[in-house]
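First the structure, in the form of structure tokens, and then the observations on it.
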Amino acid sequence: MSFIKINDAKKNLDGKRILKGINLDIKKGEIIALVGPSGSGKSTLLRCMNRLIDLDYGTIIFNKKNIFDVPTVELRRDMVFVHQESVMLKGSVFDNVSYAQKLMGEVDKNHVLKCITDSGLPIEFSEKNAEKLSGGEKKRVALARALSLKPSVLLLDEPTNGVDPKNIETVEKNIIDFSKNLGFTVLWVTHYIEQAKRVSDRIANLKDGIVRDVQKTKDFKWEGAY
Amino acid sequence: MGGSILSVGIPYTWDEGLIILLMVSVLLIVVIILSVIKKIGVGKEFTYAILKGGGQLTVIALFLTFLFGFEYWYFLIWFLLGAMIIVSGYTSAKRATGMPNAYVVTTPSILLGSSVVLFVLGITRAMPMEPQFIVPLAGMAFGNSMAICSLCLDRLLREVKLSRCTIETMLSLGASSHDAMDEFGRLSVKTSLIPTIDRLKTLGIIFIPGAMAGLLIAGTDPLVAAEYQIIVYLMIVGGGIITAITVTFLSRKRLFNESEQLCDWL
């Protein structure tokens with residue numbers, strides 16, 4: 001039974017057809033890597049799933065419900081999108097990671113600190129000015145922000161882009177651990193086939209707005225689509 | 001021509017004033033000559049502006065002369081106030097580049113801000129219910145609210161366009177459009193009020209403001225004129241902040257759709 005079912009998803013942006021009929025089934029708790037060249041529709045698909053934009057045609061069924069039937073704010077708290085650009089909100093790392101909880105009215109300080117350390121940052125970072133962190137550190141704060149919501153699904157757009165090479169493995173490991181330990185389903189957009197192989201259970205290969213094929217990672221064969 | 005106020009404050013009649021105006025127009029010639037010699041290129045524009053502005057003032061002066069002497073002025077004045085609000089709403093809406101039907105946002109904001117302060121001035125008798133008080137004070141209320149509305153809207157749209165990534169990050173974390181706009185709204189309201197507050201701080205030091213200058217020329221006691229000027233500034237700031245908060249609130253519906261997404265026109 002699919003946890004998320006994307007059915008014939010189509011989307012035009014600025015007069016150009018970006019998604020041309022995406023079909024994809026995702027099981028609960030699995031990590032799916034979305035690979036494909038720039039402009040293939042990977043980020044657009046995640047934005048549609050998070051309802052930052054809406055599909056022109058097709059459906060996305062999440063946990064047996066059409067995402068259009070779920071209140072947008074509620075959907076976004078359960079299917080969190082971590083943007084490629086890790087924009088920091090004003091304030092400290094703690095302020096950033098507790099942002100979503102503040103919106104809901106109550107901040108669980110211990111949970112926030114756990115999310116910070118779980119994302120690979122030392123606890124002393126919690127009081128640092130988030131806007132002054134390095135690119136890689138910001139990526140981790142963005143991840144911690146998403147984790148603070150305890151979502152069912154993480155939509156990650158190039159989560160290690162900008163992270164220095166020696167920390168990429170740590171970030172990858174942390175995300176895999178969250179998924180396995182806490183049961184998160186993860187859609188992981190990446191440009192790097194090797195990374196997709198390291199982190200995912202299955203790999204979906206996008207090109208020109210359609211999913212060309214979906215393979216189990218252990219069986220994945222590179223056929224040159226990307 | 002030449003009402004009682006003029007005869008008290010300015011020591012000449014309307015027709016004498018016209019001759020004086022023509023003599024002072026030598027300054028227009030000075031501007032044109034300097035503009036030509038120095039190749040500044042403002043002579044033509046300045047001449048057009050002074051003729052247009054002068055024409056407009058003459059028309060409003062004739063209208064006010066009629067209004068002040070009209071028995072049923074309280075009926076006619078609504079048309080004038082209506083015209084003021086429509087023009088100010090449309091003028092301010094021009095600042096909202098790309099926003100569809102922006103006047104639907106600006107007009108009620110200016111109307112609300114101005115109406116509240118004019119109501120307060122009315123019930124406190126700061127504005128006697130006579131046309132020679134209502135018209136200029138309403139003009140100041142609408143005009144200043146319009147300027148503040150334009151500044152606020154301009155800043156708000158720039159902030160939202162520049163901070164698209166930040167806003168989408170907030171939305172992705174489950175923020176409502178109201179939450180995501182909160183900081184930018186506050187910043188825009190504050191920015192729009194800064195010029196007025198700065199003017200308030202320098203009152204009487206750098207310049208004597210228009211209302212007080214007018215009252216002094218008309219022969220009012222300087223202390224009374226100063227009191228009235230402060231009343232005018234309270235009206236401007238009070239109306240301004242109500243207008244700015246309202247335009248920020250109403251703009252949210254134009255910036256975000258029902259699905260809490262940033263609109264395509266941004």
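Please note that chains go A, B, ... in the order of the structure tokens, that every chain numbers its residues from 1, and that ligands are numbered from 1 in the order shown.
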*Show which residues sit within 10 Å of Leu203 in chain B, as a list in words. Count only C-alpha atoms, and ignore same-chain residues fewer than 5 positions away.*
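Near neighbours after the sequence-gap exclusion: Ile197, Asp198, Ile208, Pro209, Ala226, Gln229, Ile230 and Tyr233 of chain B.
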*Using DSSP on the backbone, list every residue of range 117-222 of chain A that comes out as helix (DSSP H, G or I), and give them as an MDAnalysis selection string.*
chainID A and resid 117:118 123:127 130:132 135:147 165:182 193:199 217:219
*Would you mind listing what lies within 12 Å of Tyr192 in chain A as a ChimeraX atom specification, with only C-alpha atoms counted and same-chain residues fewer than 4 positions away left out?*
/A:33-38,158-161,188,196-200,203,205,226
*9 Å contact set for Asn96 in chain A, only C-alpha atoms, chain neighbours under 2 positions out, as JSON, numbers by chain*: {"A": [88, 89, 90, 91, 92, 93, 94, 98, 99, 100, 130, 141, 142, 144, 145]}
Go ahead and save the residues from that selection, with N, CA and C atoms, as an mmCIF file, in the first residue's frame.
```cif
data_model
loop_
_atom_site.group_PDB
_atom_site.id
_atom_site.type_symbol
_atom_site.label_atom_id
_atom_site.label_comp_id
_atom_site.auth_asym_id
_atom_site.auth_seq_id
_atom_site.Cartn_x
_atom_site.Cartn_y
_atom_site.Cartn_z
ATOM 1 N N MET A 88 18.231 31.308 6.671
ATOM 2 C CA MET A 88 18.110 31.371 8.123
ATOM 3 C C MET A 88 17.174 32.513 8.516
ATOM 4 N N LEU A 89 16.318 32.246 9.464
ATOM 5 C CA LEU A 89 15.453 33.299 9.995
ATOM 6 C C LEU A 89 16.269 34.102 11.002
ATOM 7 N N LYS A 90 15.818 35.299 11.294
ATOM 8 C CA LYS A 90 16.570 36.149 12.224
ATOM 9 C C LYS A 90 16.635 35.504 13.602
ATOM 10 N N GLY A 91 17.798 35.642 14.251
ATOM 11 C CA GLY A 91 17.931 35.127 15.605
ATOM 12 C C GLY A 91 18.944 34.001 15.695
ATOM 13 N N SER A 92 18.907 33.313 16.820
ATOM 14 C CA SER A 92 19.892 32.255 17.080
ATOM 15 C C SER A 92 19.474 30.947 16.405
ATOM 16 N N VAL A 93 20.369 29.968 16.507
ATOM 17 C CA VAL A 93 20.056 28.627 16.009
ATOM 18 C C VAL A 93 18.827 28.095 16.765
ATOM 19 N N PHE A 94 18.790 28.332 18.072
ATOM 20 C CA PHE A 94 17.645 27.871 18.871
ATOM 21 C C PHE A 94 16.346 28.520 18.367
ATOM 22 N N SER A 98 13.292 26.349 16.961
ATOM 23 C CA SER A 98 12.033 26.364 17.731
ATOM 24 C C SER A 98 10.936 27.143 17.008
ATOM 25 N N TYR A 99 11.250 27.692 15.843
ATOM 26 C CA TYR A 99 10.288 28.552 15.122
ATOM 27 C C TYR A 99 8.928 27.869 14.912
ATOM 28 N N ALA A 100 8.992 26.664 14.381
ATOM 29 C CA ALA A 100 7.731 25.972 14.053
ATOM 30 C C ALA A 100 6.933 25.654 15.320
ATOM 31 N N ALA A 130 22.292 32.491 13.743
ATOM 32 C CA ALA A 130 22.130 31.531 12.635
ATOM 33 C C ALA A 130 22.580 32.110 11.294
ATOM 34 N N VAL A 141 21.059 23.311 10.332
ATOM 35 C CA VAL A 141 20.002 24.020 11.070
ATOM 36 C C VAL A 141 18.662 23.839 10.340
ATOM 37 N N ALA A 142 18.711 23.935 9.013
ATOM 38 C CA ALA A 142 17.477 23.750 8.227
ATOM 39 C C ALA A 142 16.902 22.353 8.458
ATOM 40 N N ALA A 144 17.435 20.508 11.182
ATOM 41 C CA ALA A 144 16.934 20.475 12.563
ATOM 42 C C ALA A 144 15.575 21.151 12.669
ATOM 43 N N ARG A 145 15.398 22.238 11.918
ATOM 44 C CA ARG A 145 14.112 22.947 11.909
ATOM 45 C C ARG A 145 12.991 22.027 11.443
#
```
*When you get a sec, could you note down which chain A residues fall within 10 Å of chain B, using only C-alpha atoms, as an MDAnalysis selection string?*
chainID A and resid 13:14 47 50:54 68 71:90 99:104 142 145:146 148:149
_I'd like to know which of B:Leu111, B:Leu266, B:Ala93, B:Val232 is closest to Lys161 in chain B, using only C-alpha atoms._
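Closest candidate: B:Leu266.
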_Nearest candidate to Met146 in chain B (options B:Tyr90, B:Phe256, B:Phe63, B:Trp78; using only C-alpha atoms)_ =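 Nearest to Met146 in chain B: B:Tyr90.
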*as a ChimeraX atom specification, which residues of range 22-264 of chain B does DSSP assign to strand (DSSP E or B)?*
/B:203,207,256,262
Export of the given selection (C-alpha atoms) as a CSV table (one decimal), in the first residue's frame:
```csv
chain,number,residue,atom,x,y,z
B,203,LEU,CA,9.3,70.9,14.4
B,207,PHE,CA,11.1,74.8,9.6
B,256,PHE,CA,-1.2,35.1,-0.9
B,262,LEU,CA,2.6,33.4,-2.7
```
_Give me the residues near Ile6 in chain A as an MDAnalysis selection string, where near means some atom within 12 Å (using only C-alpha atoms) and where sequence neighbours in that chain fewer than 6 positions away do not count._
chainID A and resid 19 21:27 45:46 48:49 55 57:67 210:211
For the residues in the current selection, export N, CA and C atoms as a short mmCIF file (atom, residue, chain, number, x, y, z; two decimals), in the first residue's frame.
```cif
data_model
loop_
_atom_site.label_atom_id
_atom_site.label_comp_id
_atom_site.auth_asym_id
_atom_site.auth_seq_id
_atom_site.Cartn_x
_atom_site.Cartn_y
_atom_site.Cartn_z
N LEU A 19 6.59 19.52 -15.30
CA LEU A 19 6.20 18.14 -15.00
C LEU A 19 5.22 17.69 -16.08
N GLY A 21 3.72 14.58 -16.33
CA GLY A 21 2.95 13.38 -16.01
C GLY A 21 3.75 12.43 -15.13
N ILE A 22 4.06 12.91 -13.94
CA ILE A 22 4.87 12.11 -12.99
C ILE A 22 3.98 11.07 -12.32
N ASN A 23 4.46 9.83 -12.32
CA ASN A 23 3.79 8.77 -11.55
C ASN A 23 4.82 8.16 -10.62
N LEU A 24 4.47 8.09 -9.33
CA LEU A 24 5.43 7.56 -8.37
C LEU A 24 4.69 7.06 -7.12
N ASP A 25 5.02 5.85 -6.70
CA ASP A 25 4.46 5.31 -5.44
C ASP A 25 5.57 5.25 -4.41
N ILE A 26 5.28 5.71 -3.21
CA ILE A 26 6.29 5.73 -2.15
C ILE A 26 5.73 5.02 -0.92
N LYS A 27 6.53 4.11 -0.39
CA LYS A 27 6.06 3.36 0.79
C LYS A 27 6.46 4.11 2.07
N LEU A 45 8.60 19.16 -8.28
CA LEU A 45 7.77 18.10 -7.71
C LEU A 45 7.68 18.25 -6.18
N LEU A 46 8.82 18.52 -5.54
CA LEU A 46 8.80 18.69 -4.08
C LEU A 46 7.95 19.91 -3.69
N CYS A 48 5.44 21.10 -5.28
CA CYS A 48 4.02 20.73 -5.45
C CYS A 48 3.55 19.86 -4.29
N MET A 49 4.42 18.96 -3.84
CA MET A 49 4.03 18.08 -2.72
C MET A 49 3.82 18.87 -1.44
N LEU A 55 -0.31 21.64 -8.45
CA LEU A 55 -0.29 20.94 -9.75
C LEU A 55 -1.35 21.55 -10.66
N TYR A 57 -2.48 19.54 -13.07
CA TYR A 57 -3.25 18.33 -13.38
C TYR A 57 -2.67 17.17 -12.58
N GLY A 58 -3.50 16.21 -12.25
CA GLY A 58 -3.03 15.03 -11.53
C GLY A 58 -3.32 15.13 -10.05
N THR A 59 -2.97 14.07 -9.35
CA THR A 59 -3.25 14.04 -7.91
C THR A 59 -2.02 13.56 -7.13
N ILE A 60 -1.97 13.98 -5.88
CA ILE A 60 -0.98 13.44 -4.94
C ILE A 60 -1.77 12.95 -3.73
N ILE A 61 -1.76 11.64 -3.53
CA ILE A 61 -2.47 11.06 -2.38
C ILE A 61 -1.44 10.82 -1.28
N PHE A 62 -1.69 11.39 -0.13
CA PHE A 62 -0.77 11.26 1.01
C PHE A 62 -1.55 10.69 2.18
N ASN A 63 -1.10 9.52 2.63
CA ASN A 63 -1.77 8.87 3.77
C ASN A 63 -3.27 8.73 3.50
N LYS A 64 -3.58 8.28 2.31
CA LYS A 64 -4.96 7.99 1.86
C LYS A 64 -5.81 9.24 1.60
N LYS A 65 -5.20 10.41 1.68
CA LYS A 65 -5.97 11.64 1.43
C LYS A 65 -5.34 12.43 0.29
N ASN A 66 -6.19 12.98 -0.55
CA ASN A 66 -5.69 13.91 -1.57
C ASN A 66 -5.14 15.14 -0.85
N ILE A 67 -3.93 15.55 -1.20
CA ILE A 67 -3.34 16.68 -0.45
C ILE A 67 -4.17 17.97 -0.58
N ILE A 210 9.36 13.64 -16.59
CA ILE A 210 8.71 12.35 -16.31
C ILE A 210 9.68 11.43 -15.57
N VAL A 211 9.12 10.46 -14.85
CA VAL A 211 9.96 9.48 -14.18
C VAL A 211 10.28 8.39 -15.21
#
```
